[in-house]
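Next comes query_33.csv, with CSV, C-alpha atoms and all ligand atoms.
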```csv
chain,number,residue,atom,x,y,z
A,1,MET,CA,140.7,-181.4,-112.6
A,2,ALA,CA,141.2,-185.2,-113.1
A,3,GLU,CA,143.9,-186.1,-115.5
A,4,LYS,CA,142.9,-187.6,-118.9
A,5,MET,CA,144.4,-190.3,-121.1
A,6,LYS,CA,143.7,-191.8,-124.5
A,7,ALA,CA,141.7,-195.1,-124.5
A,8,LEU,CA,139.7,-197.3,-126.8
A,9,VAL,CA,136.3,-197.4,-125.2
A,10,SER,CA,133.6,-199.9,-126.0
A,11,TYR,CA,130.1,-198.5,-125.9
A,12,ALA,CA,128.1,-201.0,-127.9
A,13,PRO,CA,128.6,-203.5,-130.7
A,14,TYR,CA,130.3,-201.8,-133.6
A,15,ASP,CA,130.7,-198.7,-131.4
A,16,ASN,CA,134.3,-198.4,-130.2
A,17,ARG,CA,135.6,-194.9,-129.6
A,18,TYR,CA,139.2,-193.8,-129.3
A,19,GLU,CA,138.8,-190.9,-127.0
A,20,GLU,CA,139.8,-189.1,-123.8
A,21,TYR,CA,139.0,-191.1,-120.6
A,22,GLN,CA,139.7,-190.4,-117.0
A,23,LYS,CA,143.3,-191.5,-116.1
A,24,PRO,CA,143.1,-194.1,-113.3
A,25,ARG,CA,144.6,-193.3,-109.8
A,26,ALA,CA,146.0,-196.0,-107.5
A,27,GLU,CA,143.8,-196.3,-104.3
A,28,LYS,CA,144.8,-198.5,-101.4
A,29,GLY,CA,146.3,-201.7,-102.6
A,30,GLU,CA,146.2,-200.8,-106.2
A,31,ILE,CA,148.8,-200.2,-108.9
A,32,VAL,CA,148.7,-198.0,-112.0
A,33,LEU,CA,150.7,-199.2,-115.0
A,34,LYS,CA,151.7,-197.2,-118.0
A,35,VAL,CA,150.6,-199.7,-120.7
A,36,LYS,CA,153.5,-200.8,-123.0
A,37,GLY,CA,151.5,-203.1,-125.2
A,38,CYS,CA,148.3,-205.1,-125.4
A,39,GLY,CA,147.3,-208.1,-127.6
A,40,ILE,CA,144.0,-208.3,-129.3
A,41,CYS,CA,142.1,-211.5,-128.1
A,42,ALA,CA,139.4,-213.2,-130.1
A,43,GLY,CA,137.2,-212.1,-127.2
A,44,ASP,CA,137.9,-208.4,-127.9
A,45,ILE,CA,136.9,-209.0,-131.5
A,46,LYS,CA,133.7,-210.9,-130.5
A,47,ALA,CA,132.9,-208.0,-128.2
A,48,TYR,CA,133.2,-205.6,-131.1
A,49,HIS,CA,131.0,-207.8,-133.3
A,50,GLY,CA,128.3,-208.0,-130.7
A,51,GLY,CA,129.0,-211.6,-129.5
A,52,ILE,CA,126.1,-213.0,-127.6
A,53,ARG,CA,128.2,-214.4,-124.7
A,54,ILE,CA,129.4,-210.9,-124.1
A,55,TRP,CA,126.4,-208.7,-124.9
A,56,GLY,CA,123.8,-211.3,-124.0
A,57,THR,CA,120.2,-211.1,-125.3
A,58,SER,CA,119.1,-208.4,-122.9
A,59,GLU,CA,120.4,-206.0,-120.2
A,60,GLU,CA,119.9,-208.8,-117.5
A,61,ASN,CA,122.2,-211.4,-119.0
A,62,ARG,CA,124.8,-208.9,-120.4
A,63,TYR,CA,128.4,-209.7,-119.4
A,64,ILE,CA,130.1,-206.5,-120.5
A,65,GLU,CA,129.6,-203.4,-118.5
A,66,ALA,CA,129.8,-200.8,-121.2
A,67,PRO,CA,131.2,-198.2,-121.6
A,68,CYS,CA,134.5,-199.9,-120.7
A,69,ILE,CA,138.0,-200.2,-122.0
A,70,GLY,CA,138.9,-203.5,-123.7
A,71,GLY,CA,142.0,-205.6,-123.7
A,72,HIS,CA,143.3,-208.2,-121.2
A,73,GLU,CA,146.6,-209.1,-122.8
A,74,PHE,CA,148.6,-206.1,-121.6
A,75,PHE,CA,151.8,-205.4,-119.8
A,76,GLY,CA,153.2,-202.1,-118.5
A,77,GLU,CA,155.5,-200.2,-116.2
A,78,VAL,CA,154.5,-199.2,-112.7
A,79,VAL,CA,153.9,-195.5,-112.4
A,80,GLU,CA,151.9,-195.3,-109.3
A,81,LEU,CA,151.5,-197.5,-106.2
A,82,GLY,CA,148.6,-197.2,-103.8
A,83,GLU,CA,148.9,-197.3,-100.1
A,84,GLY,CA,150.1,-200.6,-98.7
A,85,VAL,CA,151.6,-202.0,-101.9
A,86,GLU,CA,155.0,-203.3,-100.9
A,87,ASP,CA,156.0,-206.0,-103.3
A,88,TYR,CA,156.5,-203.8,-106.4
A,89,ALA,CA,158.3,-200.5,-107.1
A,90,VAL,CA,157.8,-197.7,-109.6
A,91,GLY,CA,159.6,-198.8,-112.8
A,92,ASP,CA,158.8,-202.5,-112.4
A,93,VAL,CA,157.4,-204.1,-115.6
A,94,LEU,CA,154.4,-206.2,-114.7
A,95,VAL,CA,151.7,-208.3,-116.2
A,96,ALA,CA,148.4,-209.1,-114.4
A,97,GLU,CA,146.4,-212.2,-115.0
A,98,GLN,CA,143.4,-211.7,-117.2
A,99,ILE,CA,140.9,-212.3,-114.4
A,100,VAL,CA,140.3,-210.1,-111.3
A,101,PRO,CA,139.0,-212.7,-108.8
A,102,CYS,CA,136.7,-211.7,-105.9
A,103,GLY,CA,138.8,-213.6,-103.4
A,104,GLU,CA,135.6,-214.6,-101.5
A,105,CYS,CA,133.6,-217.2,-103.5
A,106,LYS,CA,133.9,-220.9,-103.1
A,107,PHE,CA,136.3,-221.2,-106.0
A,108,CYS,CA,138.6,-218.4,-105.0
A,109,LYS,CA,138.7,-219.8,-101.4
A,110,SER,CA,139.7,-223.2,-102.7
A,111,GLY,CA,142.5,-221.8,-104.9
A,112,ALA,CA,140.6,-222.2,-108.2
A,113,TYR,CA,140.5,-218.4,-108.7
A,114,TRP,CA,140.3,-218.7,-112.5
A,115,MET,CA,136.8,-220.2,-112.0
A,116,CYS,CA,135.7,-217.2,-109.7
A,117,THR,CA,131.9,-216.8,-109.9
A,118,ARG,CA,132.3,-213.1,-110.3
A,119,SER,CA,134.3,-213.8,-113.5
A,120,ALA,CA,135.7,-210.3,-114.1
A,121,VAL,CA,138.0,-210.5,-117.1
A,122,PHE,CA,139.9,-207.3,-117.8
A,123,GLY,CA,138.3,-205.3,-120.6
A,124,PHE,CA,134.7,-206.2,-119.9
A,125,LYS,CA,133.9,-204.4,-116.6
A,126,GLN,CA,134.3,-200.8,-115.6
A,127,TYR,CA,136.2,-201.8,-112.4
A,128,ALA,CA,138.5,-203.9,-114.6
A,129,ASN,CA,139.1,-201.6,-117.5
A,130,GLY,CA,141.6,-203.2,-119.8
A,131,GLY,CA,144.9,-202.4,-121.6
A,132,PHE,CA,143.6,-200.6,-124.7
A,133,ALA,CA,144.6,-197.4,-123.0
A,134,GLU,CA,147.6,-195.4,-122.0
A,135,TYR,CA,147.2,-196.5,-118.4
A,136,VAL,CA,145.6,-199.4,-116.6
A,137,LYS,CA,144.7,-199.9,-112.9
A,138,LEU,CA,145.4,-203.2,-111.2
A,139,ASP,CA,142.8,-204.0,-108.5
A,140,LYS,CA,144.1,-205.2,-105.1
A,141,ASN,CA,142.9,-208.7,-106.0
A,142,CYS,CA,144.8,-208.9,-109.2
A,143,LEU,CA,147.3,-211.7,-109.7
A,144,ILE,CA,150.5,-209.9,-110.7
A,145,HIS,CA,153.8,-211.2,-112.2
A,146,LYS,CA,157.0,-209.4,-112.9
A,147,VAL,CA,158.1,-209.4,-116.5
A,148,PRO,CA,161.9,-209.9,-116.9
A,149,LYS,CA,163.5,-206.7,-118.2
A,150,GLU,CA,165.0,-208.6,-121.2
A,151,PHE,CA,161.6,-209.6,-122.6
A,152,THR,CA,160.6,-207.9,-125.8
A,153,ALA,CA,157.1,-206.2,-126.0
A,154,GLU,CA,156.0,-209.1,-128.2
A,155,GLN,CA,157.1,-211.7,-125.6
A,156,ALA,CA,155.4,-209.8,-122.7
A,157,VAL,CA,152.1,-209.6,-124.6
A,158,LEU,CA,152.2,-213.3,-125.4
A,159,ILE,CA,152.4,-214.3,-121.7
A,160,GLU,CA,148.6,-214.3,-121.3
A,161,PRO,CA,147.6,-216.2,-124.4
A,162,ILE,CA,150.4,-218.8,-123.9
A,163,ALA,CA,149.4,-219.2,-120.3
A,164,CYS,CA,145.9,-220.1,-121.5
A,165,GLY,CA,147.4,-222.6,-123.9
A,166,MET,CA,149.6,-224.2,-121.3
A,167,HIS,CA,146.6,-224.8,-119.0
A,168,ALA,CA,144.7,-226.6,-121.8
A,169,VAL,CA,147.8,-228.8,-122.4
A,170,GLU,CA,148.0,-229.5,-118.7
A,171,GLN,CA,144.4,-230.5,-118.7
A,172,ALA,CA,145.3,-233.2,-121.2
A,173,GLN,CA,147.8,-234.9,-118.9
A,174,ILE,CA,150.0,-236.0,-121.7
A,175,GLN,CA,151.9,-239.3,-121.4
A,176,HIS,CA,155.1,-240.3,-123.3
A,177,SER,CA,153.1,-242.8,-125.3
A,178,ASP,CA,150.5,-240.4,-126.5
A,179,VAL,CA,149.7,-239.2,-130.0
A,180,VAL,CA,148.5,-235.6,-129.3
A,181,VAL,CA,146.5,-233.5,-131.8
A,182,ILE,CA,146.2,-229.7,-131.5
A,183,ALA,CA,143.4,-228.5,-133.7
A,184,GLY,CA,143.6,-224.8,-134.6
A,185,LEU,CA,147.0,-223.2,-134.9
A,186,GLY,CA,146.5,-219.6,-134.1
A,187,ALA,CA,149.1,-218.0,-131.7
A,188,ILE,CA,147.7,-220.1,-128.8
A,189,GLY,CA,147.4,-223.3,-130.7
A,190,THR,CA,150.9,-223.0,-132.2
A,191,SER,CA,152.2,-222.4,-128.7
A,192,MET,CA,150.3,-225.4,-127.4
A,193,VAL,CA,152.1,-227.5,-130.1
A,194,ASN,CA,155.4,-226.2,-128.6
A,195,ILE,CA,154.4,-226.9,-125.0
A,196,ALA,CA,152.9,-230.3,-125.8
A,197,SER,CA,156.1,-231.4,-127.6
A,198,LEU,CA,158.1,-230.4,-124.5
A,199,ALA,CA,156.3,-233.3,-122.7
A,200,LEU,CA,158.0,-235.6,-125.3
A,201,PRO,CA,154.9,-237.6,-126.4
A,202,LYS,CA,155.1,-240.1,-129.2
A,203,MET,CA,153.8,-237.6,-131.8
A,204,VAL,CA,152.3,-234.1,-132.0
A,205,ILE,CA,150.0,-233.4,-134.9
A,206,GLY,CA,148.9,-229.9,-135.7
A,207,ILE,CA,145.7,-229.1,-137.7
A,208,ASP,CA,144.7,-225.9,-139.4
A,209,VAL,CA,143.1,-224.9,-142.7
A,210,LYS,CA,145.7,-222.2,-143.3
A,211,GLU,CA,149.0,-223.4,-144.8
A,212,ASN,CA,151.1,-220.6,-143.2
A,213,ARG,CA,149.8,-221.7,-139.8
A,214,LEU,CA,150.8,-225.3,-140.6
A,215,GLU,CA,154.3,-224.1,-141.4
A,216,MET,CA,154.4,-222.3,-138.0
A,217,GLY,CA,153.1,-225.5,-136.4
A,218,LYS,CA,156.1,-227.4,-137.8
A,219,LYS,CA,158.5,-224.7,-136.6
A,220,PHE,CA,157.0,-225.0,-133.1
A,221,GLY,CA,157.5,-228.8,-132.9
A,222,ALA,CA,154.6,-230.5,-134.7
A,223,ASP,CA,155.8,-233.9,-136.1
A,224,VAL,CA,152.9,-233.9,-138.6
A,225,VAL,CA,150.6,-231.2,-139.8
A,226,LEU,CA,147.2,-231.8,-141.5
A,227,ASN,CA,144.9,-229.5,-143.4
A,228,PRO,CA,141.2,-230.5,-143.1
A,229,ALA,CA,140.5,-228.5,-146.3
A,230,LYS,CA,142.7,-230.9,-148.2
A,231,CYS,CA,142.3,-234.3,-146.5
A,232,ASP,CA,140.1,-236.4,-144.2
A,233,VAL,CA,142.0,-235.6,-141.0
A,234,ALA,CA,140.5,-238.4,-138.9
A,235,GLU,CA,141.3,-240.9,-141.6
A,236,GLU,CA,144.9,-239.6,-141.8
A,237,ILE,CA,145.3,-239.8,-138.0
A,238,ARG,CA,144.0,-243.4,-138.0
A,239,SER,CA,146.5,-244.3,-140.7
A,240,LEU,CA,149.3,-242.9,-138.5
A,241,THR,CA,148.2,-244.8,-135.4
A,242,ASP,CA,147.6,-248.4,-136.6
A,243,GLY,CA,144.0,-247.6,-137.2
A,244,LEU,CA,143.3,-246.8,-133.6
A,245,GLY,CA,143.1,-242.9,-133.5
A,246,CYS,CA,144.8,-240.3,-131.4
A,247,ASP,CA,145.1,-240.4,-127.6
A,248,VAL,CA,144.5,-236.7,-127.1
A,249,TYR,CA,142.7,-234.1,-129.1
A,250,ILE,CA,142.9,-230.5,-127.9
A,251,GLU,CA,140.3,-228.3,-129.7
A,252,ALA,CA,141.7,-224.8,-130.0
A,253,SER,CA,140.0,-223.5,-133.1
A,254,GLY,CA,136.4,-222.7,-131.9
A,255,SER,CA,135.1,-224.3,-135.1
A,256,PRO,CA,132.1,-226.7,-134.5
A,257,ARG,CA,133.4,-229.0,-137.2
A,258,SER,CA,136.6,-229.4,-135.3
A,259,VAL,CA,134.5,-231.0,-132.5
A,260,THR,CA,133.1,-233.8,-134.6
A,261,GLN,CA,136.4,-234.2,-136.3
A,262,GLY,CA,138.1,-234.7,-132.9
A,263,MET,CA,135.5,-237.2,-131.7
A,264,ASP,CA,136.0,-239.1,-135.0
A,265,ALA,CA,139.9,-239.0,-134.7
A,266,LEU,CA,140.1,-240.1,-131.1
A,267,ARG,CA,140.8,-243.7,-130.1
A,268,ASN,CA,138.7,-245.6,-127.6
A,269,LEU,CA,139.2,-244.2,-124.1
A,270,GLY,CA,140.8,-241.0,-125.7
A,271,ARG,CA,140.9,-237.6,-124.0
A,272,TYR,CA,139.2,-234.6,-125.6
A,273,VAL,CA,140.1,-231.1,-124.3
A,274,GLN,CA,137.9,-228.1,-125.2
A,275,MET,CA,139.9,-224.9,-125.2
A,276,GLY,CA,138.5,-222.9,-128.2
A,277,VAL,CA,135.4,-220.7,-127.8
A,278,PHE,CA,132.5,-221.1,-130.2
A,279,ALA,CA,130.3,-218.4,-131.7
A,280,GLN,CA,127.4,-220.8,-131.9
A,281,GLU,CA,126.1,-224.1,-130.4
A,282,VAL,CA,127.8,-227.3,-131.4
A,283,THR,CA,126.0,-230.4,-132.6
A,284,ALA,CA,127.7,-233.8,-132.2
A,285,ASP,CA,126.7,-237.5,-131.8
A,286,TRP,CA,126.9,-237.8,-128.0
A,287,ASN,CA,126.9,-241.6,-128.3
A,288,THR,CA,130.5,-241.4,-129.4
A,289,ILE,CA,131.4,-240.3,-125.8
A,290,GLY,CA,129.5,-243.0,-124.0
A,291,ASP,CA,128.3,-246.1,-125.8
A,292,GLY,CA,130.9,-245.6,-128.6
A,293,LYS,CA,134.4,-244.8,-127.3
A,294,GLU,CA,134.1,-244.1,-123.6
A,295,LEU,CA,135.9,-240.7,-124.1
A,296,THR,CA,137.0,-238.4,-121.4
A,297,ILE,CA,135.8,-234.8,-122.1
A,298,ILE,CA,137.8,-232.1,-120.3
A,299,GLY,CA,137.2,-228.4,-120.2
A,300,SER,CA,139.8,-225.6,-120.1
A,301,HIS,CA,139.2,-222.1,-119.0
A,302,LEU,CA,141.7,-219.2,-118.8
A,303,SER,CA,145.2,-219.9,-117.4
A,304,ALA,CA,145.1,-221.5,-114.0
A,305,LEU,CA,148.4,-221.0,-112.2
A,306,THR,CA,150.5,-221.3,-115.4
A,307,TYR,CA,151.9,-217.7,-115.6
A,308,ASP,CA,155.1,-218.4,-113.7
A,309,SER,CA,156.1,-221.4,-115.8
A,310,VAL,CA,155.2,-219.5,-119.0
A,311,ILE,CA,157.5,-216.6,-118.0
A,312,GLN,CA,160.2,-219.0,-117.0
A,313,GLY,CA,159.8,-220.9,-120.3
A,314,ILE,CA,160.0,-217.8,-122.4
A,315,ALA,CA,163.1,-216.6,-120.5
A,316,SER,CA,164.8,-220.0,-121.0
A,317,GLY,CA,163.8,-220.1,-124.7
A,318,LYS,CA,162.0,-223.5,-124.3
A,319,ILE,CA,158.8,-221.6,-125.0
A,320,LYS,CA,159.2,-220.0,-128.4
A,321,THR,CA,157.6,-216.8,-129.4
A,322,GLU,CA,159.1,-215.8,-132.7
A,323,GLY,CA,156.5,-215.0,-135.3
A,324,LEU,CA,153.5,-215.4,-133.0
A,325,ILE,CA,152.9,-211.6,-133.1
A,326,SER,CA,152.2,-211.0,-136.7
A,327,HIS,CA,151.1,-207.4,-136.7
A,328,LYS,CA,151.7,-204.4,-134.5
A,329,PHE,CA,149.8,-201.1,-134.5
A,330,LYS,CA,149.4,-197.9,-132.6
A,331,LEU,CA,146.3,-197.9,-130.4
A,332,SER,CA,145.0,-194.9,-132.4
A,333,ASP,CA,145.0,-197.2,-135.5
A,334,TRP,CA,142.8,-199.7,-133.7
A,335,GLU,CA,140.4,-200.1,-136.6
A,336,GLU,CA,143.2,-201.2,-138.8
A,337,ALA,CA,144.5,-203.5,-136.0
A,338,PHE,CA,141.1,-205.1,-135.5
A,339,LYS,CA,140.8,-205.7,-139.3
A,340,ALA,CA,144.3,-207.2,-139.3
A,341,THR,CA,143.1,-210.0,-137.0
A,342,GLU,CA,141.2,-211.3,-140.0
A,343,LEU,CA,144.0,-211.2,-142.5
A,344,PRO,CA,145.1,-214.6,-143.9
A,345,ASP,CA,148.6,-214.3,-142.4
A,346,ALA,CA,147.4,-213.0,-139.0
A,347,MET,CA,148.5,-214.8,-135.8
A,348,LYS,CA,148.4,-212.4,-132.8
A,349,VAL,CA,147.9,-208.7,-133.4
A,350,MET,CA,149.1,-206.3,-130.7
A,351,MET,CA,148.7,-202.5,-130.2
A,352,GLU,CA,150.8,-200.0,-128.4
A,353,PRO,CA,149.5,-196.7,-127.0
B,1,ZN,ZN,143.2,-213.5,-124.4
B,2,ZN,ZN,135.7,-215.5,-106.6
```

Go ahead and render the structure in this file as structure tokens.
Amino acid sequence: MAEKMKALVSYAPYDNRYEEYQKPRAEKGEIVLKVKGCGICAGDIKAYHGGIRIWGTSEENRYIEAPCIGGHEFFGEVVELGEGVEDYAVGDVLVAEQIVPCGECKFCKSGAYWMCTRSAVFGFKQYANGGFAEYVKLDKNCLIHKVPKEFTAEQAVLIEPIACGMHAVEQAQIQHSDVVVIAGLGAIGTSMVNIASLALPKMVIGIDVKENRLEMGKKFGADVVLNPAKCDVAEEIRSLTDGLGCDVYIEASGSPRSVTQGMDALRNLGRYVQMGVFAQEVTADWNTIGDGKELTIIGSHLSALTYDSVIQGIASGKIKTEGLISHKFKLSDWEEAFKATELPDAMKVMMEP
């Protein structure tokens, strides 16, 4: 008889079931972790709400391989090692990067594994079942990092989201003379304010429509915070920059209005980084990019080689984590946890089996 565990299994939009699921076993090269905690990502919520980028418009273009177990922001303790695993021992606390790369495509071979064409993020495929469970299996291709023993559960869960934020900040190539805007101060955006300010630019400006998030932004290093519900953000930014506009605008809210706001707020030759994920298509005046301001538009996807520095930064205290996890629930209370992500004071919500 195969052993069972409790897991939150995603069957279809609005059909998540907390139920018994086969406990994973470590085959050759694999590791099984006892999950200690898992954050809820916007992607998990979009999966629950039938997001089109996840469920597609038909079976053919569906990304998710349901039924599968959600959650990619997990960490856990090694309980089983498959044959040939030598770098880790039972009892080690580990985190795996959110993507399980194929190791064979053009991007994997060139080192850009986060752009793997197989694109298997934990929680959306059956062979990459996620951390909303008592146990999770790490594929032999996983990118694994040790979590320092002194990390709290909250800090361990934040490694993945902060790593994604760090990549977006790196994409911006911040200079000391830059005025940097971070739009959208969720847990990731707030952390991006922190990481951007570590590069010592001229000014870091945080933007959000929620006052509690603006307060967090200030605590995490924003020199100025602006609420687009209360002022014309682009106008304010011009008044802070001799009428020129900001040098860097990092979009981390996933709100279409933030895109036009950013293009408006940027100076000529400014750099725009897209990190947030949108639920719908975005409309903007494309002329601003070319004929208008000669902007540089830069994308940012997943976390790209940043895990080690995030772990180091959290360990040293340079990367702050306090307050970024706003709510914690038992996995069995997943419905309440999912709802909590929409509360006015929610930052990152995590669950524990
Ligand atoms: Zn995530
Ligand atoms: Zn690949």

Polymer residues at most 10 Å from (128.8, -219.1, -126.4) by only C-alpha atoms, as an MDAnalysis selection string = chainID A and resid 51:54 56 277:282

message = At a cut-off of 8 Å and counting all atoms listed in the file, what residues surround ligand ZN 1 (chain B)? Please answer as a PyMOL selection string.
response = chain A and resi 39-43+72-73+98+160-161+164

request  = Determine the nearest neighbour of ligand ZN 2 (chain B) from the options A:Phe329, A:Tyr272, A:Phe107, A:Phe151, counting only C-alpha atoms and all ligand atoms.
outcome  =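 Comparing A:Phe329, A:Tyr272, A:Phe107, A:Phe151 against ligand ZN 2 (chain B), the winner is A:Phe107.
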
List the neighbours of range 284-288 of chain A out to 12 Å using only C-alpha atoms; skip same-chain residues closer than 2 positions along the sequence, and give me the result as a CSV table (one decimal) with C-alpha atoms, in the coordinates of the input.
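The file below, out_0.csv, is the result:
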```csv
chain,number,residue,atom,x,y,z
A,256,PRO,CA,132.1,-226.7,-134.5
A,257,ARG,CA,133.4,-229.0,-137.2
A,258,SER,CA,136.6,-229.4,-135.3
A,259,VAL,CA,134.5,-231.0,-132.5
A,260,THR,CA,133.1,-233.8,-134.6
A,261,GLN,CA,136.4,-234.2,-136.3
A,262,GLY,CA,138.1,-234.7,-132.9
A,263,MET,CA,135.5,-237.2,-131.7
A,264,ASP,CA,136.0,-239.1,-135.0
A,265,ALA,CA,139.9,-239.0,-134.7
A,266,LEU,CA,140.1,-240.1,-131.1
A,267,ARG,CA,140.8,-243.7,-130.1
A,268,ASN,CA,138.7,-245.6,-127.6
A,269,LEU,CA,139.2,-244.2,-124.1
A,270,GLY,CA,140.8,-241.0,-125.7
A,272,TYR,CA,139.2,-234.6,-125.6
A,281,GLU,CA,126.1,-224.1,-130.4
A,282,VAL,CA,127.8,-227.3,-131.4
A,290,GLY,CA,129.5,-243.0,-124.0
A,291,ASP,CA,128.3,-246.1,-125.8
A,292,GLY,CA,130.9,-245.6,-128.6
A,293,LYS,CA,134.4,-244.8,-127.3
A,294,GLU,CA,134.1,-244.1,-123.6
A,295,LEU,CA,135.9,-240.7,-124.1
A,296,THR,CA,137.0,-238.4,-121.4
A,297,ILE,CA,135.8,-234.8,-122.1
```

Dump as JSON lines the rows for residues of chain A within 9 Å of ligand ZN 2 (chain B): closest atom pair and distance in Å with one decimal, all atoms listed in the file counted, ordered by chain and rising residue number.
```
{"residue": "A:Val100", "atom": "CA", "partner": "B:ZN2", "partner_atom": "ZN", "distance": 8.5}
{"residue": "A:Pro101", "atom": "CA", "partner": "B:ZN2", "partner_atom": "ZN", "distance": 4.9}
{"residue": "A:Cys102", "atom": "CA", "partner": "B:ZN2", "partner_atom": "ZN", "distance": 4.0}
{"residue": "A:Gly103", "atom": "CA", "partner": "B:ZN2", "partner_atom": "ZN", "distance": 4.8}
{"residue": "A:Glu104", "atom": "CA", "partner": "B:ZN2", "partner_atom": "ZN", "distance": 5.2}
{"residue": "A:Cys105", "atom": "CA", "partner": "B:ZN2", "partner_atom": "ZN", "distance": 4.1}
{"residue": "A:Lys106", "atom": "CA", "partner": "B:ZN2", "partner_atom": "ZN", "distance": 6.7}
{"residue": "A:Phe107", "atom": "CA", "partner": "B:ZN2", "partner_atom": "ZN", "distance": 5.8}
{"residue": "A:Cys108", "atom": "CA", "partner": "B:ZN2", "partner_atom": "ZN", "distance": 4.4}
{"residue": "A:Lys109", "atom": "CA", "partner": "B:ZN2", "partner_atom": "ZN", "distance": 7.4}
{"residue": "A:Ala112", "atom": "CA", "partner": "B:ZN2", "partner_atom": "ZN", "distance": 8.5}
{"residue": "A:Tyr113", "atom": "CA", "partner": "B:ZN2", "partner_atom": "ZN", "distance": 6.0}
{"residue": "A:Trp114", "atom": "CA", "partner": "B:ZN2", "partner_atom": "ZN", "distance": 8.1}
{"residue": "A:Met115", "atom": "CA", "partner": "B:ZN2", "partner_atom": "ZN", "distance": 7.2}
{"residue": "A:Cys116", "atom": "CA", "partner": "B:ZN2", "partner_atom": "ZN", "distance": 3.5}
{"residue": "A:Thr117", "atom": "CA", "partner": "B:ZN2", "partner_atom": "ZN", "distance": 5.2}
{"residue": "A:Arg118", "atom": "CA", "partner": "B:ZN2", "partner_atom": "ZN", "distance": 5.6}
{"residue": "A:Ser119", "atom": "CA", "partner": "B:ZN2", "partner_atom": "ZN", "distance": 7.2}
```

task = Would you please work out which residue, of A:Glu154, A:Glu20, A:Asp208, A:Asp44, is nearest to Gly254 in chain A when using all atoms listed in the file?
result =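 That would be A:Asp208, the residue with the smallest distance to Gly254 in chain A.
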
Mind rebuilding range 12-23 of chain A with N, CA, C and O atoms and writing that out as a PDB file, in the frame of the given file?
```
ATOM      1  N   ALA A  12     129.103-200.059-127.395  1.00  0.00           N
ATOM      2  CA  ALA A  12     128.100-201.000-127.900  1.00  0.00           C
ATOM      3  C   ALA A  12     128.675-201.759-129.044  1.00  0.00           C
ATOM      4  O   ALA A  12     129.759-201.407-129.514  1.00  0.00           O
ATOM      5  N   PRO A  13     128.013-202.834-129.495  1.00  0.00           N
ATOM      6  CA  PRO A  13     128.600-203.500-130.700  1.00  0.00           C
ATOM      7  C   PRO A  13     128.803-202.538-131.814  1.00  0.00           C
ATOM      8  O   PRO A  13     127.967-201.662-132.066  1.00  0.00           O
ATOM      9  N   TYR A  14     129.927-202.651-132.449  1.00  0.00           N
ATOM     10  CA  TYR A  14     130.300-201.800-133.600  1.00  0.00           C
ATOM     11  C   TYR A  14     130.466-200.319-133.147  1.00  0.00           C
ATOM     12  O   TYR A  14     130.461-199.438-133.999  1.00  0.00           O
ATOM     13  N   ASP A  15     130.546-200.058-131.861  1.00  0.00           N
ATOM     14  CA  ASP A  15     130.700-198.700-131.400  1.00  0.00           C
ATOM     15  C   ASP A  15     131.871-198.604-130.402  1.00  0.00           C
ATOM     16  O   ASP A  15     131.684-198.585-129.193  1.00  0.00           O
ATOM     17  N   ASN A  16     133.101-198.625-130.948  1.00  0.00           N
ATOM     18  CA  ASN A  16     134.300-198.400-130.200  1.00  0.00           C
ATOM     19  C   ASN A  16     134.768-196.980-130.435  1.00  0.00           C
ATOM     20  O   ASN A  16     134.740-196.543-131.585  1.00  0.00           O
ATOM     21  N   ARG A  17     135.180-196.271-129.395  1.00  0.00           N
ATOM     22  CA  ARG A  17     135.600-194.900-129.600  1.00  0.00           C
ATOM     23  C   ARG A  17     137.009-194.682-129.000  1.00  0.00           C
ATOM     24  O   ARG A  17     137.204-194.975-127.825  1.00  0.00           O
ATOM     25  N   TYR A  18     137.916-194.186-129.819  1.00  0.00           N
ATOM     26  CA  TYR A  18     139.200-193.800-129.300  1.00  0.00           C
ATOM     27  C   TYR A  18     139.111-192.377-128.825  1.00  0.00           C
ATOM     28  O   TYR A  18     138.928-191.450-129.614  1.00  0.00           O
ATOM     29  N   GLU A  19     139.136-192.212-127.518  1.00  0.00           N
ATOM     30  CA  GLU A  19     138.800-190.900-127.000  1.00  0.00           C
ATOM     31  C   GLU A  19     139.494-190.643-125.643  1.00  0.00           C
ATOM     32  O   GLU A  19     140.224-191.486-125.127  1.00  0.00           O
ATOM     33  N   GLU A  20     139.235-189.496-125.076  1.00  0.00           N
ATOM     34  CA  GLU A  20     139.800-189.100-123.800  1.00  0.00           C
ATOM     35  C   GLU A  20     138.974-189.855-122.691  1.00  0.00           C
ATOM     36  O   GLU A  20     137.742-189.964-122.791  1.00  0.00           O
ATOM     37  N   TYR A  21     139.701-190.358-121.697  1.00  0.00           N
ATOM     38  CA  TYR A  21     139.000-191.100-120.600  1.00  0.00           C
ATOM     39  C   TYR A  21     139.772-190.708-119.338  1.00  0.00           C
ATOM     40  O   TYR A  21     140.947-190.354-119.361  1.00  0.00           O
ATOM     41  N   GLN A  22     139.085-190.788-118.246  1.00  0.00           N
ATOM     42  CA  GLN A  22     139.700-190.400-117.000  1.00  0.00           C
ATOM     43  C   GLN A  22     140.912-191.340-116.690  1.00  0.00           C
ATOM     44  O   GLN A  22     140.776-192.561-116.699  1.00  0.00           O
ATOM     45  N   LYS A  23     142.071-190.746-116.406  1.00  0.00           N
ATOM     46  CA  LYS A  23     143.300-191.500-116.100  1.00  0.00           C
ATOM     47  C   LYS A  23     143.062-192.176-114.702  1.00  0.00           C
ATOM     48  O   LYS A  23     142.693-191.479-113.756  1.00  0.00           O
TER      49      LYS A  23
END
```
